[in-house]
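A short worksheet on the structure shown next.
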Amino acid sequence: MACASGLLSAIDADLLIVPWFQDEAATALPGLDAGTGGELGRALASKEFQAKPYDLFFAPIADSSWRARRVAVIGGGAGERGTDLVRKLATAAGLAARQRHVARAAFVVRGQGDAVNLAQAVAEGLTLAEFYGGSYKTDDPPPAAVPAWTVVVLGASEGVKTAVDAAVARGRILGECSNLARELSNEPGNTLTPREFARRATALAAEAGVKTEILDETAIEKLGMGLLLGVARGSAEPPRLMVFRYDPPGAPETPVLGLVGKGITFDTGGISIKPAEKMEQMKDDMAGGAAVACAMRAIALLKAPMRVIGIVPTTENMPGGKAIKPGDVLTSASGKTVEVINTDAEGRLVLGDGLWYARQLGATHLVDVATLTGAVVVALGKITSGIFGTPNEWVERVRAVADRAGDRVWPLPLFDEYKDQIRSDIADLMNTGGRAAGSITAAMFLKEFTGGLPWVHMDIAGTAWVDEPKPYLPKGPSGVAVRTLAALAFEKF
C-alpha cells in the first residue's frame, strides 16, 4: 500500500476515490469539478448525487493533464466525519473498486481530525475490502484481483508525510490481521477442528515472532482444567489450549496484558441441543479465539511496548455418549465447582479455566472476548458488542480504545445481586442463571475466575457475524475485536 501527497491532478491511478459530504459545494475540493469537466457540479446541482452515506458517483476525468482516469465520489452524509466513518467509506469504496475490476485505486483522505489517524483508518478500511468469503466456491468466477491501493493526503509536509507513511503501515497490518481472523471464523467446522485451529492460529502468531505453545488433552488434564475437559467430553475431537507469549526486549515487568478468547470450533449446544435453524453459523463460535490469536500477531508486528499473554481454549461442544449432562458437577482448575444447568452455556466454562491460566502466567490486566450469549443480541442487537468488567476505570479505558478502533461497544452492569442467580445448591456456581439478564449473569460467572484483577469481558455474539450486509461490511465474519485488542497493548495503565 502506497502513500502520496501533492496535487490531485498528479495522482496516478485508474480510479481516484474522494469522500464528499452533504453540505459541500462543488468547489469544496479545488480543481476536482474542473477535472471532471463540470460533471461533479452538474450532479450536485441536479441532485443526481446527494452525498448520502455510501452513495457513489462516477465520472471520467476530462482534463488531459490529470494522471487519473476516473473519479468516484462517495457520499459521507451530514453527520460525524471522524475515523470511524472514514474507515467505513474506505471499505465501501474499496469493495466497489474490486467489483469494477479496478487495477489501481487511490483514496483521498478527507474528514475531521488528525490526518495521520484518518490515514490509518483509510488503510484499515481499504484492507478490510480485500476479504473474500467464498473460498469453497467452484462454479463462480474467482474474485477480482485486489487493486494496488494508494492513500492520498493532500498538502502534507515532509514531517506529516513520514507520520502518514507509518500510520498507513499500521493500518495495513491491523486490516490484514482482522481479515485473517475473518478467514478463521469463516472456516467450516469439519475443516477447522480444535487441533487444526490451534495449528493455524499459533502459526500465524509465530510468524510474527510470538512465542506459542499448544497444550494437548494430557497437559490440560495435568493443569486440572475440568471445565474445558468437561465441554470436550462429548466430542471425538480432542481439545487444545493455545498459549501465546509476547515479551519484547526492555518491556517492564508490569503491566502484563492477558487476552483470553473463546475457541469453540463448533457448538451444537451439547445435550441441551440447539434448534437446527441457523446452527450452521455456530462454526464461528471460535471468533473470540481468532481475535486473540490475530491480535497477538498484530501486537508483535507493530512492536507493542508491553508484555502480552494470550490464551485460547478450543474444543467442540457435541452431544456424544460421554458428553456432560445437565446436573453434572465439574471442578475448575481454580478449584471452584460448577453445576451444569445447560450444556449450551459452555463458552463460560472454557473461559473460566482460560482466565485462571492467564493469571497463573502473570497477567495483571485481563480482557476476554467471546460469542457468549444470545441475550446480548436481544439487549444490543447486531450493531454493538456488550462489555462488562471491573473496575470502572478499566472498563472505560477498554471502551475508549474500542471506539477508536471502530468496534462499537456498550457497558452493561455487574451489580452484586446478579450473582444470586448463579448460586448452586450443590456446587459453588451454576453455569447459567436463566433467561433474565442472561448476558450479565454469564459475565458474573466469568468474574469468579478473574482473581480480582482488572478485567473486561466483551460479548461479541451479535457482532462477530453479519447476517444483513452493509455497504462497508459484507455478509459473513466481521473480524470484530482484533483492532481493539491490538491497540490495548499500546495503552499506559
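For the C-alpha cells, the naming scheme is as follows: chains receive sequential letters (A, B, ...) according to their order of presentation, residues are indexed from 1 within each chain, and ligands are indexed from 1 in presentation order.
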
Segment 265-270 of chain A environment, 6 Å, only C-alpha atoms, sequence neighbours closer than 3 positions dropped, as a PDB file with N, CA, C and O atoms, in the first residue's frame:
ATOM      1  N   GLY A 189     -16.740 -26.186  10.290  1.00  0.00           N
ATOM      2  CA  GLY A 189     -16.324 -26.939  11.465  1.00  0.00           C
ATOM      3  C   GLY A 189     -15.607 -28.237  11.143  1.00  0.00           C
ATOM      4  O   GLY A 189     -14.814 -28.724  11.945  1.00  0.00           O
ATOM      5  N   ILE A 273     -29.325 -29.464  23.194  1.00  0.00           N
ATOM      6  CA  ILE A 273     -29.009 -29.176  21.796  1.00  0.00           C
ATOM      7  C   ILE A 273     -29.769 -27.971  21.263  1.00  0.00           C
ATOM      8  O   ILE A 273     -30.924 -27.723  21.639  1.00  0.00           O
ATOM      9  N   LYS A 274     -29.121 -27.239  20.376  1.00  0.00           N
ATOM     10  CA  LYS A 274     -29.707 -26.050  19.777  1.00  0.00           C
ATOM     11  C   LYS A 274     -30.752 -26.429  18.733  1.00  0.00           C
ATOM     12  O   LYS A 274     -30.725 -27.550  18.193  1.00  0.00           O
ATOM     13  N   MET A 282     -22.817 -21.715  13.880  1.00  0.00           N
ATOM     14  CA  MET A 282     -22.034 -21.999  15.081  1.00  0.00           C
ATOM     15  C   MET A 282     -20.596 -22.419  14.769  1.00  0.00           C
ATOM     16  O   MET A 282     -19.807 -22.685  15.669  1.00  0.00           O
ATOM     17  N   LYS A 283     -20.240 -22.429  13.490  1.00  0.00           N
ATOM     18  CA  LYS A 283     -18.828 -22.598  13.148  1.00  0.00           C
ATOM     19  C   LYS A 283     -18.010 -21.383  13.583  1.00  0.00           C
ATOM     20  O   LYS A 283     -16.789 -21.465  13.692  1.00  0.00           O
ATOM     21  N   ASP A 285     -18.199 -19.906  16.468  1.00  0.00           N
ATOM     22  CA  ASP A 285     -18.181 -19.763  17.917  1.00  0.00           C
ATOM     23  C   ASP A 285     -16.761 -19.677  18.465  1.00  0.00           C
ATOM     24  O   ASP A 285     -16.558 -19.614  19.676  1.00  0.00           O
ATOM     25  N   MET A 286     -15.792 -19.691  17.540  1.00  0.00           N
ATOM     26  CA  MET A 286     -14.393 -19.502  17.940  1.00  0.00           C
ATOM     27  C   MET A 286     -13.893 -18.123  17.522  1.00  0.00           C
ATOM     28  O   MET A 286     -12.692 -17.869  17.512  1.00  0.00           O
ATOM     29  N   GLU A 316     -14.760 -28.699  20.562  1.00  0.00           N
ATOM     30  CA  GLU A 316     -16.128 -28.745  20.057  1.00  0.00           C
ATOM     31  C   GLU A 316     -17.078 -28.973  21.226  1.00  0.00           C
ATOM     32  O   GLU A 316     -16.675 -29.494  22.268  1.00  0.00           O
ATOM     33  N   ASN A 317     -18.333 -28.591  21.047  1.00  0.00           N
ATOM     34  CA  ASN A 317     -19.370 -28.882  22.029  1.00  0.00           C
ATOM     35  C   ASN A 317     -20.386 -29.800  21.358  1.00  0.00           C
ATOM     36  O   ASN A 317     -21.221 -29.347  20.579  1.00  0.00           O
ATOM     37  N   MET A 318     -20.281 -31.098  21.627  1.00  0.00           N
ATOM     38  CA  MET A 318     -21.058 -32.110  20.917  1.00  0.00           C
ATOM     39  C   MET A 318     -21.863 -32.976  21.892  1.00  0.00           C
ATOM     40  O   MET A 318     -21.483 -33.140  23.056  1.00  0.00           O
ATOM     41  N   PRO A 319     -22.966 -33.577  21.410  1.00  0.00           N
ATOM     42  CA  PRO A 319     -23.808 -34.411  22.282  1.00  0.00           C
ATOM     43  C   PRO A 319     -23.464 -35.894  22.201  1.00  0.00           C
ATOM     44  O   PRO A 319     -24.315 -36.735  21.933  1.00  0.00           O
ATOM     45  N   THR A 343     -26.001 -27.376  28.993  1.00  0.00           N
ATOM     46  CA  THR A 343     -24.719 -27.646  28.337  1.00  0.00           C
ATOM     47  C   THR A 343     -24.440 -26.686  27.198  1.00  0.00           C
ATOM     48  O   THR A 343     -23.317 -26.658  26.685  1.00  0.00           O
ATOM     49  N   ASP A 344     -25.438 -25.896  26.805  1.00  0.00           N
ATOM     50  CA  ASP A 344     -25.205 -24.878  25.766  1.00  0.00           C
ATOM     51  C   ASP A 344     -24.581 -23.618  26.352  1.00  0.00           C
ATOM     52  O   ASP A 344     -24.242 -22.701  25.613  1.00  0.00           O
TER      53      ASP A 344
END

Near-Phe57 of chain A list (9 Å; only C-alpha atoms; drop same-chain fewer than 3 positions) as a PyMOL selection string
chain A and resi 40+43+48-49+51+71-75

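Using only C-alpha atoms for every distance, the candidate list A:Arg307, A:Arg104, A:Lys382, A:Lys336 yields A:Lys336 as the residue closest to Leu429 of chain A.
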
If you run DSSP on this backbone, which residues of segment 260-388 of chain A come out as strand (DSSP E), and could you give them as a ChimeraX atom specification?
/A:260-261,263-267,307-317,329-331,337-339,365-370,385-388

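You can rank A:Ala145, A:Ala115, A:Ile383, A:Ala400 by their closest distance to Lys470 of chain A using only C-alpha atoms, and at the top of that list sits A:Ile383.
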
A straight line from atom CA of Ala379 of chain A to atom CA of Ala461 of chain A spans 11.2 Å

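Shell of segment 422-427 of chain A at 7 Å, with only C-alpha atoms counted and residues fewer than 4 places along the chain excluded, is Thr337, Val338, Glu339, Asn431, Thr432, Gly433 and Thr441 of chain A.
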
Nearest to Leu223 of chain A: which of A:Ile460, A:Ala333, A:Cys177, A:Ala358 is it, counting only C-alpha atoms?
A:Ala333

Need to verify the contact set: Ile299 of chain A, 12 Å, only C-alpha atoms, exclusion of same-chain residues closer than 2 positions in sequence. Can you return it as number ranges by chain?
A: 170, 173-174, 177, 205-206, 208-210, 244-248, 257, 259, 291-297, 301-310, 482-491

Output of the above residues as an mmCIF file, in the first residue's frame, restricted to C-alpha atoms:
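Final output, saved to again.cif:
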data_model
loop_
_atom_site.group_PDB
_atom_site.id
_atom_site.type_symbol
_atom_site.label_atom_id
_atom_site.label_comp_id
_atom_site.auth_asym_id
_atom_site.auth_seq_id
_atom_site.Cartn_x
_atom_site.Cartn_y
_atom_site.Cartn_z
ATOM 1 C CA ARG A 170 -0.027 0.302 10.905
ATOM 2 C CA ILE A 173 -1.228 -4.641 9.484
ATOM 3 C CA LEU A 174 -4.401 -4.181 11.543
ATOM 4 C CA CYS A 177 -4.900 -9.312 10.894
ATOM 5 C CA ALA A 205 1.285 -15.611 15.607
ATOM 6 C CA ALA A 206 4.624 -17.412 15.474
ATOM 7 C CA ALA A 208 5.318 -12.519 13.698
ATOM 8 C CA GLY A 209 7.676 -13.543 16.497
ATOM 9 C CA VAL A 210 5.175 -14.514 19.198
ATOM 10 C CA PHE A 244 0.776 -17.022 23.222
ATOM 11 C CA ARG A 245 3.574 -15.006 24.833
ATOM 12 C CA TYR A 246 4.802 -11.657 23.575
ATOM 13 C CA ASP A 247 7.749 -10.416 25.638
ATOM 14 C CA PRO A 248 9.552 -7.535 23.892
ATOM 15 C CA LEU A 257 -1.994 -7.712 29.393
ATOM 16 C CA LEU A 259 -6.120 -11.787 26.419
ATOM 17 C CA ALA A 291 -9.487 -12.369 17.522
ATOM 18 C CA VAL A 292 -6.975 -13.100 20.282
ATOM 19 C CA ALA A 293 -4.622 -15.083 18.013
ATOM 20 C CA CYS A 294 -4.668 -12.488 15.240
ATOM 21 C CA ALA A 295 -4.363 -9.599 17.699
ATOM 22 C CA MET A 296 -1.240 -11.284 19.099
ATOM 23 C CA ARG A 297 0.166 -11.336 15.555
ATOM 24 C CA LEU A 301 4.288 -6.923 14.062
ATOM 25 C CA LEU A 302 3.589 -3.440 15.444
ATOM 26 C CA LYS A 303 6.191 -3.904 18.190
ATOM 27 C CA ALA A 304 3.999 -3.028 21.149
ATOM 28 C CA PRO A 305 5.972 -1.947 24.238
ATOM 29 C CA MET A 306 4.320 -4.174 26.859
ATOM 30 C CA ARG A 307 4.222 -7.874 27.658
ATOM 31 C CA VAL A 308 1.104 -9.686 26.472
ATOM 32 C CA ILE A 309 -0.202 -13.186 27.148
ATOM 33 C CA GLY A 310 -2.877 -14.814 25.006
ATOM 34 C CA VAL A 482 -8.877 -7.653 16.649
ATOM 35 C CA ARG A 483 -8.044 -3.952 16.338
ATOM 36 C CA THR A 484 -9.251 -3.227 19.875
ATOM 37 C CA LEU A 485 -7.103 -5.924 21.465
ATOM 38 C CA ALA A 486 -4.048 -4.876 19.469
ATOM 39 C CA ALA A 487 -4.494 -1.212 20.399
ATOM 40 C CA LEU A 488 -4.730 -2.051 24.114
ATOM 41 C CA ALA A 489 -1.111 -3.210 24.032
ATOM 42 C CA PHE A 490 -0.097 0.411 23.341
ATOM 43 C CA GLU A 491 -2.037 1.913 26.245
#

Please return, as an MDAnalysis selection string, all residues of segment 74-197 of chain A that DSSP assigns to helix (DSSP H, G or I) on the basis of the backbone.
chainID A and resid 83:99 115:128 158:186 194:197

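Nearest-residue note for Pro313 of chain A: choosing from A:Val456, A:Ile214, A:Ala181, A:Val350, the minimum distance belongs to A:Val350, counting only C-alpha atoms.
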
When you count only C-alpha atoms, which of these residues is closest to Asp328 of chain A: A:Leu180, A:Gly230, A:Gly352, A:Gly386?
A:Gly230

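Comparing A:Ser135, A:Ser235, A:Thr384, A:Ser157 by their smallest distance to Leu184 of chain A, the closest is A:Ser135 (using only C-alpha atoms).
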